[in-house]
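Shown next: upload-v1.txt, containing compact mmCIF, C-alpha atoms and all ligand atoms.
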# COMPACT_ATOMS: atom_id res chain seq x y z
CA MET A 1 113.28 127.82 182.47
CA GLU A 2 116.70 129.17 181.54
CA ARG A 3 117.16 132.92 181.17
CA GLU A 4 116.98 132.77 177.35
CA THR A 5 113.59 131.08 177.51
CA LYS A 6 112.36 133.51 180.17
CA CYS A 7 113.25 136.42 177.85
CA ILE A 8 110.63 135.07 175.45
CA HIS A 9 108.03 133.48 177.71
CA ALA A 10 108.10 134.82 181.25
CA GLY A 11 105.49 137.22 182.59
CA TYR A 12 102.61 136.52 180.23
CA THR A 13 100.91 133.31 179.13
CA PRO A 14 98.03 133.85 176.71
CA GLY A 15 94.89 131.80 177.26
CA ASN A 16 92.97 130.06 174.51
CA GLY A 17 92.32 132.51 171.68
CA GLU A 18 94.07 135.40 173.42
CA SER A 19 96.67 137.70 171.88
CA ARG A 20 100.10 136.17 171.43
CA MET A 21 101.79 139.47 172.34
CA ILE A 22 101.11 141.22 175.61
CA PRO A 23 98.07 143.46 175.24
CA ILE A 24 98.63 147.21 175.53
CA VAL A 25 96.02 148.23 178.06
CA GLN A 26 95.84 151.86 177.02
CA SER A 27 93.32 152.87 179.64
CA THR A 28 93.62 155.24 182.57
CA THR A 29 90.89 153.56 184.49
CA PHE A 30 89.16 150.24 185.21
CA LYS A 31 85.49 149.45 185.70
CA TYR A 32 83.89 147.53 188.58
CA ASP A 33 80.42 146.12 189.14
CA SER A 34 80.04 147.43 192.67
CA SER A 35 81.50 150.08 194.93
CA GLU A 36 82.26 147.28 197.33
CA ASP A 37 84.54 145.56 194.76
CA MET A 38 86.33 148.83 194.22
CA GLY A 39 86.55 149.55 197.93
CA LYS A 40 88.44 146.30 198.45
CA LEU A 41 91.09 147.49 196.01
CA PHE A 42 91.46 150.77 197.87
CA ASP A 43 91.84 148.87 201.13
CA LEU A 44 94.49 146.62 199.53
CA GLU A 45 92.16 143.72 200.36
CA ALA A 46 91.94 142.52 196.76
CA ASN A 47 94.30 142.47 193.78
CA GLY A 48 93.32 144.46 190.74
CA TYR A 49 93.64 147.70 188.85
CA PHE A 50 91.75 150.91 189.32
CA TYR A 51 93.89 153.72 187.98
CA THR A 52 96.98 153.61 185.75
CA ARG A 53 98.86 156.15 187.88
CA LEU A 54 99.43 153.27 190.34
CA ALA A 55 99.53 150.15 188.21
CA ASN A 56 98.58 148.80 184.78
CA PRO A 57 98.38 145.20 183.49
CA THR A 58 100.78 145.77 180.56
CA ASN A 59 103.41 147.11 182.94
CA ASP A 60 102.90 144.19 185.27
CA TYR A 61 103.45 141.57 182.54
CA VAL A 62 106.80 143.19 181.78
CA ALA A 63 107.75 143.69 185.43
CA LYS A 64 107.02 140.02 186.02
CA LYS A 65 109.33 139.02 183.18
CA ILE A 66 112.19 141.12 184.57
CA CYS A 67 111.42 139.79 188.06
CA GLU A 68 111.80 136.20 186.83
CA LEU A 69 114.98 137.06 184.93
CA GLU A 70 116.49 138.48 188.12
CA GLY A 71 115.19 135.69 190.32
CA GLY A 72 113.18 138.10 192.49
CA SER A 73 109.85 137.86 194.31
CA ALA A 74 108.09 141.02 193.06
CA ALA A 75 108.80 143.89 190.68
CA MET A 76 107.42 147.13 189.31
CA LEU A 77 108.12 149.32 186.30
CA THR A 78 108.80 153.03 186.65
CA SER A 79 108.83 155.85 184.12
CA SER A 80 112.64 156.00 184.07
CA GLY A 81 115.74 154.51 185.63
CA GLN A 82 116.05 157.65 187.75
CA ALA A 83 112.57 157.03 189.16
CA ALA A 84 113.54 153.42 189.92
CA THR A 85 116.66 154.52 191.82
CA PHE A 86 114.74 157.19 193.70
CA TYR A 87 111.82 154.92 194.64
CA ALA A 88 114.08 152.05 195.68
CA VAL A 89 115.92 154.28 198.16
CA PHE A 90 113.04 156.54 199.21
CA ASN A 91 110.81 153.54 199.93
CA ILE A 92 112.93 152.82 203.02
CA CYS A 93 114.56 156.18 203.79
CA GLY A 94 113.25 159.54 204.91
CA ALA A 95 114.50 162.80 206.38
CA GLY A 96 117.13 162.06 209.03
CA ASP A 97 118.23 158.80 207.45
CA HIS A 98 121.56 157.91 205.89
CA VAL A 99 122.74 155.73 203.00
CA VAL A 100 126.17 154.32 202.15
CA SER A 101 126.73 154.48 198.40
CA SER A 102 129.53 153.49 196.09
CA SER A 103 131.20 156.63 194.73
CA THR A 104 131.44 155.12 191.24
CA ILE A 105 127.83 155.26 190.12
CA TYR A 106 125.96 156.69 187.17
CA GLY A 107 126.20 160.52 187.12
CA GLY A 108 122.43 160.90 187.37
CA SER A 109 122.29 158.69 190.46
CA TYR A 110 125.13 160.66 192.04
CA ASN A 111 123.28 163.94 191.48
CA LEU A 112 120.00 162.48 192.73
CA PHE A 113 121.72 161.40 195.96
CA ALA A 114 124.21 164.20 196.56
CA VAL A 115 121.94 167.09 195.62
CA THR A 116 118.24 166.32 195.37
CA MET A 117 117.80 163.67 198.06
CA LYS A 118 120.16 165.58 200.31
CA ARG A 119 117.67 168.45 200.06
CA MET A 120 115.03 166.00 201.27
CA GLY A 121 117.09 165.41 204.42
CA ILE A 122 118.72 162.11 203.45
CA GLU A 123 122.51 161.99 203.87
CA PHE A 124 124.78 159.91 201.65
CA THR A 125 128.32 158.79 202.38
CA PHE A 126 130.15 157.89 199.18
CA VAL A 127 132.80 155.21 199.49
CA ASP A 128 135.35 153.97 196.99
CA PRO A 129 134.06 150.52 195.92
CA ASP A 130 137.58 149.18 196.53
CA CYS A 131 138.00 150.86 199.93
CA SER A 132 139.45 148.98 202.90
CA ASP A 133 137.18 147.09 205.32
CA GLU A 134 137.92 149.77 207.94
CA GLU A 135 136.80 152.56 205.63
CA LEU A 136 133.63 150.67 204.75
CA GLU A 137 132.82 150.02 208.41
CA ALA A 138 133.45 153.66 209.26
CA ALA A 139 130.90 154.76 206.64
CA PHE A 140 127.98 153.21 208.56
CA ARG A 141 126.01 155.22 211.11
CA PRO A 142 123.23 154.26 213.51
CA ASN A 143 120.71 155.85 211.08
CA THR A 144 122.04 154.06 207.96
CA LYS A 145 119.13 152.44 206.10
CA ALA A 146 120.65 151.05 202.91
CA VAL A 147 123.79 150.42 200.87
CA PHE A 148 123.80 151.27 197.15
CA GLY A 149 126.12 150.17 194.34
CA GLU A 150 126.26 149.48 190.60
CA THR A 151 127.19 146.03 189.22
CA LEU A 152 129.24 147.62 186.47
CA ALA A 153 129.75 151.32 187.03
CA ASN A 154 128.61 153.57 184.18
CA PRO A 155 130.97 154.70 182.73
CA ALA A 156 133.96 153.72 184.92
CA LEU A 157 133.31 149.97 184.34
CA ILE A 158 134.38 149.14 187.86
CA VAL A 159 133.09 145.70 188.78
CA PHE A 160 131.35 146.02 192.14
CA ASP A 161 132.13 143.37 194.75
CA ILE A 162 128.47 142.56 195.43
CA GLU A 163 129.16 139.76 197.91
CA ARG A 164 131.43 141.91 200.04
CA PHE A 165 129.01 144.85 200.19
CA ALA A 166 126.05 142.54 200.84
CA LYS A 167 127.86 141.10 203.87
CA ALA A 168 128.68 144.58 205.17
CA ALA A 169 125.09 145.79 204.65
CA HIS A 170 123.60 142.73 206.33
CA SER A 171 125.96 142.95 209.30
CA HIS A 172 124.45 146.41 209.89
CA GLY A 173 120.89 145.17 209.39
CA VAL A 174 120.23 147.03 206.14
CA PRO A 175 119.56 145.91 202.54
CA LEU A 176 121.92 146.18 199.58
CA ILE A 177 120.40 147.90 196.53
CA ILE A 178 122.14 147.16 193.24
CA ASP A 179 121.74 149.01 189.95
CA ASN A 180 122.17 146.16 187.45
CA THR A 181 121.58 148.21 184.29
CA PHE A 182 124.85 147.52 182.47
CA ALA A 183 125.25 143.81 183.20
CA THR A 184 121.54 142.94 182.79
CA PRO A 185 120.26 139.71 184.34
CA ILE A 186 121.66 137.88 181.30
CA ASN A 187 125.21 138.47 182.51
CA CYS A 188 124.76 138.92 186.28
CA ARG A 189 122.04 138.24 188.80
CA PRO A 190 122.93 140.30 191.90
CA ILE A 191 120.34 138.56 194.09
CA GLU A 192 122.35 135.34 193.79
CA TRP A 193 125.30 137.21 195.34
CA GLY A 194 123.34 138.65 198.26
CA ALA A 195 121.72 141.81 196.88
CA ASP A 196 118.26 142.50 198.30
CA ILE A 197 116.83 144.96 195.77
CA VAL A 198 117.82 145.37 192.13
CA THR A 199 117.13 148.43 189.98
CA HIS A 200 117.34 148.99 186.24
CA SER A 201 117.28 151.68 183.69
CA THR A 202 115.39 149.64 181.08
CA THR A 203 116.27 152.49 178.71
CA LYS A 204 119.60 150.77 178.08
CA TYR A 205 120.08 147.14 176.97
CA MET A 206 116.62 145.96 178.00
CA ASP A 207 114.89 148.22 175.50
CA GLY A 208 118.04 148.19 173.43
CA HIS A 209 116.74 150.19 170.45
CA ASP A 210 116.68 153.85 171.61
CA ALA A 211 112.90 153.63 171.72
CA SER A 212 111.70 154.31 175.27
CA VAL A 213 112.87 155.59 178.65
CA GLY A 214 111.96 153.35 181.57
CA GLY A 215 113.00 151.73 184.82
CA CYS A 216 112.33 148.72 186.97
CA ILE A 217 112.70 147.71 190.63
CA VAL A 218 112.97 144.05 191.60
CA ASP A 219 112.76 142.87 195.19
CA SER A 220 114.45 139.63 196.20
CA GLY A 221 111.87 139.07 198.95
CA LYS A 222 114.72 137.91 201.18
CA PHE A 223 115.38 140.89 203.41
CA ASP A 224 113.81 140.39 206.83
CA TRP A 225 112.25 143.78 207.61
CA PHE A 226 110.92 142.52 210.96
CA ALA A 227 114.38 141.44 212.14
CA HIS A 228 115.31 145.14 211.96
CA ALA A 229 111.84 146.54 212.57
CA ASP A 230 113.06 149.69 214.32
CA LYS A 231 114.99 150.74 211.20
CA PHE A 232 112.08 150.23 208.79
CA PRO A 233 108.89 151.52 210.41
CA GLY A 234 107.39 152.18 206.97
CA LEU A 235 107.22 148.43 206.37
CA THR A 236 106.67 147.16 209.89
CA THR A 237 104.19 149.61 211.46
CA PRO A 238 100.67 150.57 210.32
CA ASP A 239 100.25 152.82 207.27
CA GLU A 240 97.41 155.12 208.25
CA SER A 241 96.93 156.17 204.63
CA TYR A 242 95.79 152.58 203.97
CA HIS A 243 93.66 151.91 207.04
CA GLY A 244 96.55 150.75 209.15
CA VAL A 245 97.96 148.06 206.89
CA VAL A 246 101.38 146.72 207.96
CA TYR A 247 103.07 145.92 204.65
CA ALA A 248 105.55 143.29 205.87
CA GLU A 249 102.78 141.50 207.74
CA LYS A 250 100.06 141.57 205.11
CA PHE A 251 102.19 141.02 201.99
CA GLY A 252 105.01 138.99 203.51
CA LEU A 253 108.68 139.55 202.88
CA GLU A 254 108.07 138.64 199.20
CA GLY A 255 105.55 141.39 198.52
CA ALA A 256 106.01 144.12 201.11
CA PHE A 257 108.61 146.32 199.44
CA ILE A 258 106.98 146.51 196.00
CA THR A 259 103.44 146.82 197.37
CA LYS A 260 104.49 149.75 199.55
CA ALA A 261 106.34 151.42 196.66
CA THR A 262 103.26 151.03 194.45
CA ALA A 263 100.64 151.94 197.05
CA GLN A 264 102.48 154.95 198.48
CA LEU A 265 105.11 156.21 196.06
CA MET A 266 103.28 155.60 192.79
CA ARG A 267 100.08 156.91 194.34
CA ASP A 268 101.73 160.10 195.58
CA LEU A 269 104.50 160.70 193.04
CA GLY A 270 103.09 158.98 189.95
CA SER A 271 106.25 158.07 188.01
CA ILE A 272 104.42 155.33 186.15
CA GLN A 273 105.63 153.75 182.92
CA ALA A 274 103.29 154.33 179.96
CA PRO A 275 101.76 150.98 178.87
CA MET A 276 102.89 151.59 175.28
CA ASN A 277 106.48 151.98 176.49
CA ALA A 278 106.19 148.83 178.58
CA TYR A 279 105.17 147.02 175.39
CA LEU A 280 108.31 148.34 173.68
CA ILE A 281 110.51 147.19 176.57
CA ASN A 282 109.00 143.75 176.22
CA LEU A 283 109.95 143.65 172.54
CA GLY A 284 113.52 144.45 173.57
CA LEU A 285 113.52 141.82 176.32
CA GLU A 286 112.60 139.12 173.82
CA SER A 287 116.02 139.47 172.17
CA LEU A 288 118.05 140.65 175.19
CA HIS A 289 119.99 137.38 175.52
CA VAL A 290 120.97 137.32 171.83
CA ARG A 291 121.96 140.97 171.77
CA MET A 292 124.01 140.80 174.99
CA GLU A 293 126.07 137.96 173.56
CA ARG A 294 126.82 139.99 170.43
CA HIS A 295 127.49 143.22 172.36
CA CYS A 296 130.06 141.39 174.48
CA ALA A 297 131.70 139.59 171.55
CA ASN A 298 131.97 142.83 169.53
CA ALA A 299 133.22 144.85 172.51
CA GLN A 300 135.90 142.26 173.24
CA LYS A 301 137.28 142.55 169.68
CA VAL A 302 137.07 146.35 169.70
CA ALA A 303 138.83 146.52 173.10
CA GLU A 304 141.64 144.31 171.78
CA PHE A 305 141.96 146.49 168.68
CA LEU A 306 142.11 149.69 170.75
CA GLU A 307 144.63 148.22 173.18
CA ALA A 308 147.02 147.53 170.29
CA HIS A 309 146.60 151.00 168.70
CA GLU A 310 149.44 153.52 169.03
CA ASN A 311 147.11 156.54 169.36
CA VAL A 312 145.23 155.04 172.27
CA THR A 313 146.87 155.65 175.66
CA TRP A 314 144.81 153.23 177.75
CA VAL A 315 141.78 150.96 177.44
CA ASN A 316 139.39 150.01 180.19
CA TYR A 317 137.30 146.91 179.50
CA PRO A 318 136.84 144.23 182.17
CA GLY A 319 137.05 141.53 179.48
CA LEU A 320 140.74 142.31 178.84
CA PRO A 321 143.00 139.96 180.83
CA GLY A 322 145.20 142.87 181.99
CA ASN A 323 142.23 144.79 183.41
CA LYS A 324 142.16 145.48 187.14
CA TYR A 325 138.68 143.96 187.33
CA TYR A 326 139.22 140.99 185.00
CA GLU A 327 139.18 138.39 187.80
CA ARG A 328 136.20 139.92 189.53
CA ALA A 329 134.33 140.12 186.23
CA GLN A 330 135.07 136.42 185.65
CA LYS A 331 133.50 135.70 189.03
CA TYR A 332 130.35 137.81 188.71
CA MET A 333 129.93 137.88 184.91
CA PRO A 334 131.56 134.78 183.42
CA LYS A 335 129.59 135.10 180.17
CA GLY A 336 130.74 138.67 179.54
CA THR A 337 130.23 142.13 181.02
CA CYS A 338 128.65 144.56 178.55
CA GLY A 339 129.35 146.42 175.33
CA VAL A 340 130.75 149.56 176.92
CA ILE A 341 134.46 150.36 176.74
CA SER A 342 136.29 153.44 177.93
CA PHE A 343 139.65 154.59 176.64
CA GLY A 344 141.97 157.56 176.36
CA VAL A 345 142.98 159.11 173.04
CA LYS A 346 146.61 160.20 172.74
CA GLY A 347 146.72 163.99 172.96
CA GLY A 348 143.99 164.29 175.58
CA ARG A 349 140.83 166.36 175.37
CA PRO A 350 141.43 168.14 171.99
CA ALA A 351 142.54 164.92 170.26
CA ALA A 352 139.53 163.06 171.63
CA GLU A 353 137.20 165.71 170.24
CA LYS A 354 138.88 165.61 166.82
CA PHE A 355 138.76 161.82 166.74
CA MET A 356 135.07 161.79 167.62
CA GLY A 357 134.28 164.27 164.85
CA LYS A 358 135.71 161.88 162.23
CA LEU A 359 133.58 158.87 163.18
CA LYS A 360 130.90 157.73 160.74
CA VAL A 361 129.46 154.50 162.16
CA ALA A 362 129.78 155.45 165.83
CA MET A 363 127.40 158.28 166.63
CA ILE A 364 127.98 160.99 169.24
CA ALA A 365 125.12 160.51 171.69
CA THR A 366 124.53 160.65 175.42
CA HIS A 367 122.97 157.26 175.12
CA VAL A 368 124.73 153.96 175.76
CA ALA A 369 123.90 150.31 175.72
CA ASP A 370 121.78 149.78 172.65
CA ALA A 371 122.01 148.32 169.15
CA HIS A 372 123.78 151.36 167.67
CA THR A 373 127.43 152.06 168.38
CA CYS A 374 127.60 155.38 170.25
CA ILE A 375 130.40 157.47 171.66
CA LEU A 376 130.59 160.17 174.32
CA HIS A 377 133.03 162.35 176.24
CA PRO A 378 131.52 162.26 179.77
CA ALA A 379 133.55 165.16 181.18
CA SER A 380 131.84 167.51 178.73
CA ALA A 381 128.40 165.84 178.87
CA THR A 382 126.90 163.50 181.51
CA HIS A 383 129.41 164.37 184.26
CA ARG A 384 129.94 168.03 183.44
CA GLN A 385 128.57 169.18 186.81
CA MET A 386 131.57 167.56 188.53
CA ASN A 387 134.96 169.20 189.00
CA ASP A 388 138.18 167.32 188.10
CA GLU A 389 138.60 165.91 191.62
CA GLU A 390 135.04 164.58 191.69
CA LEU A 391 135.51 163.19 188.18
CA ILE A 392 138.54 161.21 189.28
CA ALA A 393 136.74 160.00 192.44
CA ALA A 394 133.89 158.82 190.21
CA GLY A 395 136.42 156.98 188.02
CA VAL A 396 135.84 159.27 185.02
CA GLY A 397 139.03 161.18 184.19
CA PRO A 398 138.80 164.31 182.00
CA ASP A 399 140.39 162.44 179.04
CA LEU A 400 138.00 159.47 179.14
CA VAL A 401 136.03 158.56 176.01
CA ARG A 402 133.11 156.17 176.44
CA LEU A 403 132.35 153.87 173.54
CA SER A 404 129.18 151.81 173.56
CA VAL A 405 129.75 149.02 171.09
CA GLY A 406 126.59 148.08 169.19
CA ILE A 407 125.60 144.96 167.32
CA GLU A 408 126.71 146.05 163.83
CA ASN A 409 129.32 143.94 162.05
CA VAL A 410 132.41 144.35 164.20
CA ASN A 411 134.68 144.87 161.18
CA ASP A 412 132.74 148.00 160.25
CA ILE A 413 133.05 149.34 163.80
CA ILE A 414 136.79 148.70 163.89
CA ALA A 415 137.36 150.21 160.41
CA ASP A 416 135.51 153.34 161.52
CA LEU A 417 137.64 153.68 164.66
CA GLU A 418 140.80 152.99 162.65
CA GLN A 419 140.22 155.81 160.14
CA ALA A 420 139.30 158.26 162.92
CA LEU A 421 142.42 157.38 164.94
CA GLU A 422 144.75 158.30 162.06
CA PHE A 423 146.37 161.58 163.02
C1 LIG B 501 120.91 155.55 182.41
C2 LIG B 501 121.15 155.01 183.74
C3 LIG B 501 120.31 155.33 184.82
C4 LIG B 501 119.17 156.30 184.69
O1 LIG B 501 118.19 155.78 183.86
P1 LIG B 501 117.18 156.65 182.97
O2 LIG B 501 116.33 155.62 182.33
O3 LIG B 501 118.00 157.45 182.01
O4 LIG B 501 116.42 157.53 183.90
C5 LIG B 501 120.58 154.74 186.03
N1 LIG B 501 121.60 153.90 186.19
C6 LIG B 501 122.44 153.57 185.19
C7 LIG B 501 123.55 152.64 185.42
C8 LIG B 501 122.24 154.11 183.92
O5 LIG B 501 123.08 153.80 182.93
Mind converting the file's structure to structure tokens?
Ligand SMILES: *Cc1c(COP(=O)(O)O)cnc(C)c1O
Amino acid sequence: MERETKCIHAGYTPGNGESRMIPIVQSTTFKYDSSEDMGKLFDLEANGYFYTRLANPTNDYVAKKICELEGGSAAMLTSSGQAATFYAVFNICGAGDHVVSSSTIYGGSYNLFAVTMKRMGIEFTFVDPDCSDEELEAAFRPNTKAVFGETLANPALIVFDIERFAKAAHSHGVPLIIDNTFATPINCRPIEWGADIVTHSTTKYMDGHDASVGGCIVDSGKFDWFAHADKFPGLTTPDESYHGVVYAEKFGLEGAFITKATAQLMRDLGSIQAPMNAYLINLGLESLHVRMERHCANAQKVAEFLEAHENVTWVNYPGLPGNKYYERAQKYMPKGTCGVISFGVKGGRPAAEKFMGKLKVAMIATHVADAHTCILHPASATHRQMNDEELIAAGVGPDLVRLSVGIENVNDIIADLEQALEF
């Protein structure tokens, strides 16, 4: 099946007389005929559900769809994109470990790494995604356990060189984790370029309608945990909390990562997606391919309009031929990047605020990447905890305005911007 067909059909095939849509299994718990049946589930000897804090069938239908879209081997939903990022890293890192991360990542991921996970004893080295090979090499330490990057940085729109970072990660015996939220598997499939684990905030294009917060982790099933067994004892040595199961042995390379994240992290931390929200994500996924095409087409026209406008100082959109990342975007995302554009308004911070106040179609919202056109000034919102130096290192200058182009008629979006830019 092609991706478009998977958006509709993957993950759930109704049997004779069964519901056409995925059922919402709104139940905390599941019934068994014998204690022995249930015991097998607790021993991870049998597949099945017992408590929705760990897993739920509705979630699994949707995770399976995203897994097939990404070309992975196993996947799980989480309650948010933040939970997906945290679980993906924490599943293989603990106190005393180290991670190499791109410096141009979503503000929430940066905070999670630099502040909260640091407090848990995990160190992060942030590298410029366009750093030299020497700088990248120097970032690795003997206790490095993973490399993290974002396909298309939110909001800097830097196109990450997945292949290059995958090679570097693998030469040090660690997996590459890629946040593929902005590109979606419609426009880029990081696993095909060497990524080992893919994360998503499904809150963005996947849901696409401002309806539900959620996340997803997809494992490629390709990383050989046993080849670097000393680095990943959590996957290659017995888990005493599950009667000594060795995840990479029992569930193979295809299943180990997600089974461990479900059995340990969901069990202990419980950031599970609500089944009702999983149902909503699935509705979004059914039109993801159609919406992404329109988001990209609209954003391209809007970017061209902004580039030609006298009150716009600069425009950053990887679909513009003059963009620093145009070539790389053509390589990794030949069908288009996403609907998000950043630009500078002539007159800096005060002019940007005035311009935003005049908009009627584009709404001021922290949200991005959904059907509605939204606009935001990151320096005073999502990235406000960073000082100017950190903002520039993260690729988000103080004058940057982030525009998330929706799927309205593009002429209405452009007319709105045009009237607001008159000053
Ligand atoms: C929004 C976002 C996240 C966090 O996701 P939530 O669903 O808001 O928790 C992570 N990564 C990227 C790229 C995002 O845009």
Can you tell me which residues sit at most 9 Å away from ligand LIG 501 (chain B), counting all atoms listed in the file, written as a PyMOL selection string? chain A and resi 79-85+105-109+150-155+179-182+199-204+212-215+367-369
Distance atom CA of A:Leu136-atom CA of A:Val159, one decimal place?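 Pair atom CA of A:Leu136 / atom CA of A:Val159 returns 16.7 Å.
Once A:Asn411 and its same-chain neighbours fewer than 3 positions away are set aside, Asn298, Lys301, Val302, Glu408, Ile414, Ala415, Asp416 and Leu417 of chain A remain within 10 Å of it when counting only C-alpha atoms.
Separating atom CA of A:Lys145 from atom CA of A:Gly96 is a distance of 10.3 Å.
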Atom CA of A:Ala10 to atom CA of A:Leu235, distance in Å rounded to a single decimal: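 Atom CA of A:Leu235 lies 28.6 Å from atom CA of A:Ala10.
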At a cut-off of 12 Å, can you tabulate as CSV every residue of stretch 163-241 of chain A near stretch 28-43 of chain A together with its closest atom pair and the distance in Å to one decimal, using all atoms listed in the file and ordering rows by chain then number?
residue,atom,partner,partner_atom,distance
A:Asp239,CA,A:Asp43,CA,11.1
A:Glu240,CA,A:Asp43,CA,11.0
A:Ser241,CA,A:Asp43,CA,9.6
Anything within 12 Å of (112.0, 152.3, 210.0): list those residues as a PyMOL selection string, counting all atoms listed in the file and sticking to the file's coordinates. chain A and resi 90-98+142-146+173-174+225-238+248
Atoms added to stretch 49-55 of chain A (all heavy atoms), reported as a compact mmCIF listing (two decimals), in the frame of the given file:
# COMPACT_ATOMS: atom_id res chain seq x y z
N TYR A 49 93.22 146.39 189.33
CA TYR A 49 93.64 147.70 188.85
C TYR A 49 92.50 148.67 189.00
O TYR A 49 91.34 148.30 188.85
CB TYR A 49 94.03 147.58 187.37
CG TYR A 49 95.17 146.61 187.18
CD1 TYR A 49 94.92 145.26 186.88
CD2 TYR A 49 96.48 147.01 187.37
CE1 TYR A 49 95.96 144.36 186.76
CE2 TYR A 49 97.53 146.12 187.25
CZ TYR A 49 97.26 144.78 186.94
OH TYR A 49 98.29 143.90 186.83
N PHE A 50 92.81 149.91 189.35
CA PHE A 50 91.75 150.91 189.32
C PHE A 50 92.16 152.19 188.61
O PHE A 50 91.35 152.86 188.02
CB PHE A 50 91.15 151.20 190.70
CG PHE A 50 92.14 151.49 191.79
CD1 PHE A 50 92.50 152.80 192.08
CD2 PHE A 50 92.68 150.46 192.55
CE1 PHE A 50 93.39 153.07 193.11
CE2 PHE A 50 93.58 150.73 193.57
CZ PHE A 50 93.94 152.03 193.85
N TYR A 51 93.46 152.49 188.62
CA TYR A 51 93.89 153.72 187.98
C TYR A 51 95.34 153.55 187.55
O TYR A 51 96.17 153.10 188.34
CB TYR A 51 93.75 154.89 188.99
CG TYR A 51 93.87 156.25 188.38
CD1 TYR A 51 93.12 156.61 187.25
CD2 TYR A 51 94.73 157.20 188.92
CE1 TYR A 51 93.25 157.87 186.68
CE2 TYR A 51 94.84 158.47 188.37
CZ TYR A 51 94.10 158.81 187.25
OH TYR A 51 94.22 160.04 186.71
N THR A 52 95.66 153.90 186.31
CA THR A 52 96.98 153.61 185.75
C THR A 52 98.10 154.45 186.38
O THR A 52 99.26 154.15 186.19
CB THR A 52 96.92 153.69 184.21
OG1 THR A 52 96.18 152.55 183.75
CG2 THR A 52 98.27 153.65 183.54
N ARG A 53 97.76 155.46 187.19
CA ARG A 53 98.86 156.15 187.88
C ARG A 53 99.57 155.21 188.87
O ARG A 53 100.75 155.37 189.18
CB ARG A 53 98.38 157.41 188.62
CG ARG A 53 99.52 158.00 189.43
CD ARG A 53 99.38 159.39 190.00
NE ARG A 53 98.10 159.96 190.15
CZ ARG A 53 97.33 159.84 191.26
NH1 ARG A 53 97.74 159.14 192.29
NH2 ARG A 53 96.16 160.43 191.31
N LEU A 54 98.83 154.21 189.38
CA LEU A 54 99.43 153.27 190.34
C LEU A 54 99.94 151.99 189.70
O LEU A 54 101.00 151.50 190.06
CB LEU A 54 98.42 152.91 191.43
CG LEU A 54 98.19 153.98 192.49
CD1 LEU A 54 97.03 154.87 192.09
CD2 LEU A 54 97.95 153.36 193.83
N ALA A 55 99.14 151.44 188.80
CA ALA A 55 99.53 150.15 188.21
C ALA A 55 98.69 149.92 186.96
O ALA A 55 97.59 150.45 186.83
CB ALA A 55 99.30 149.02 189.21
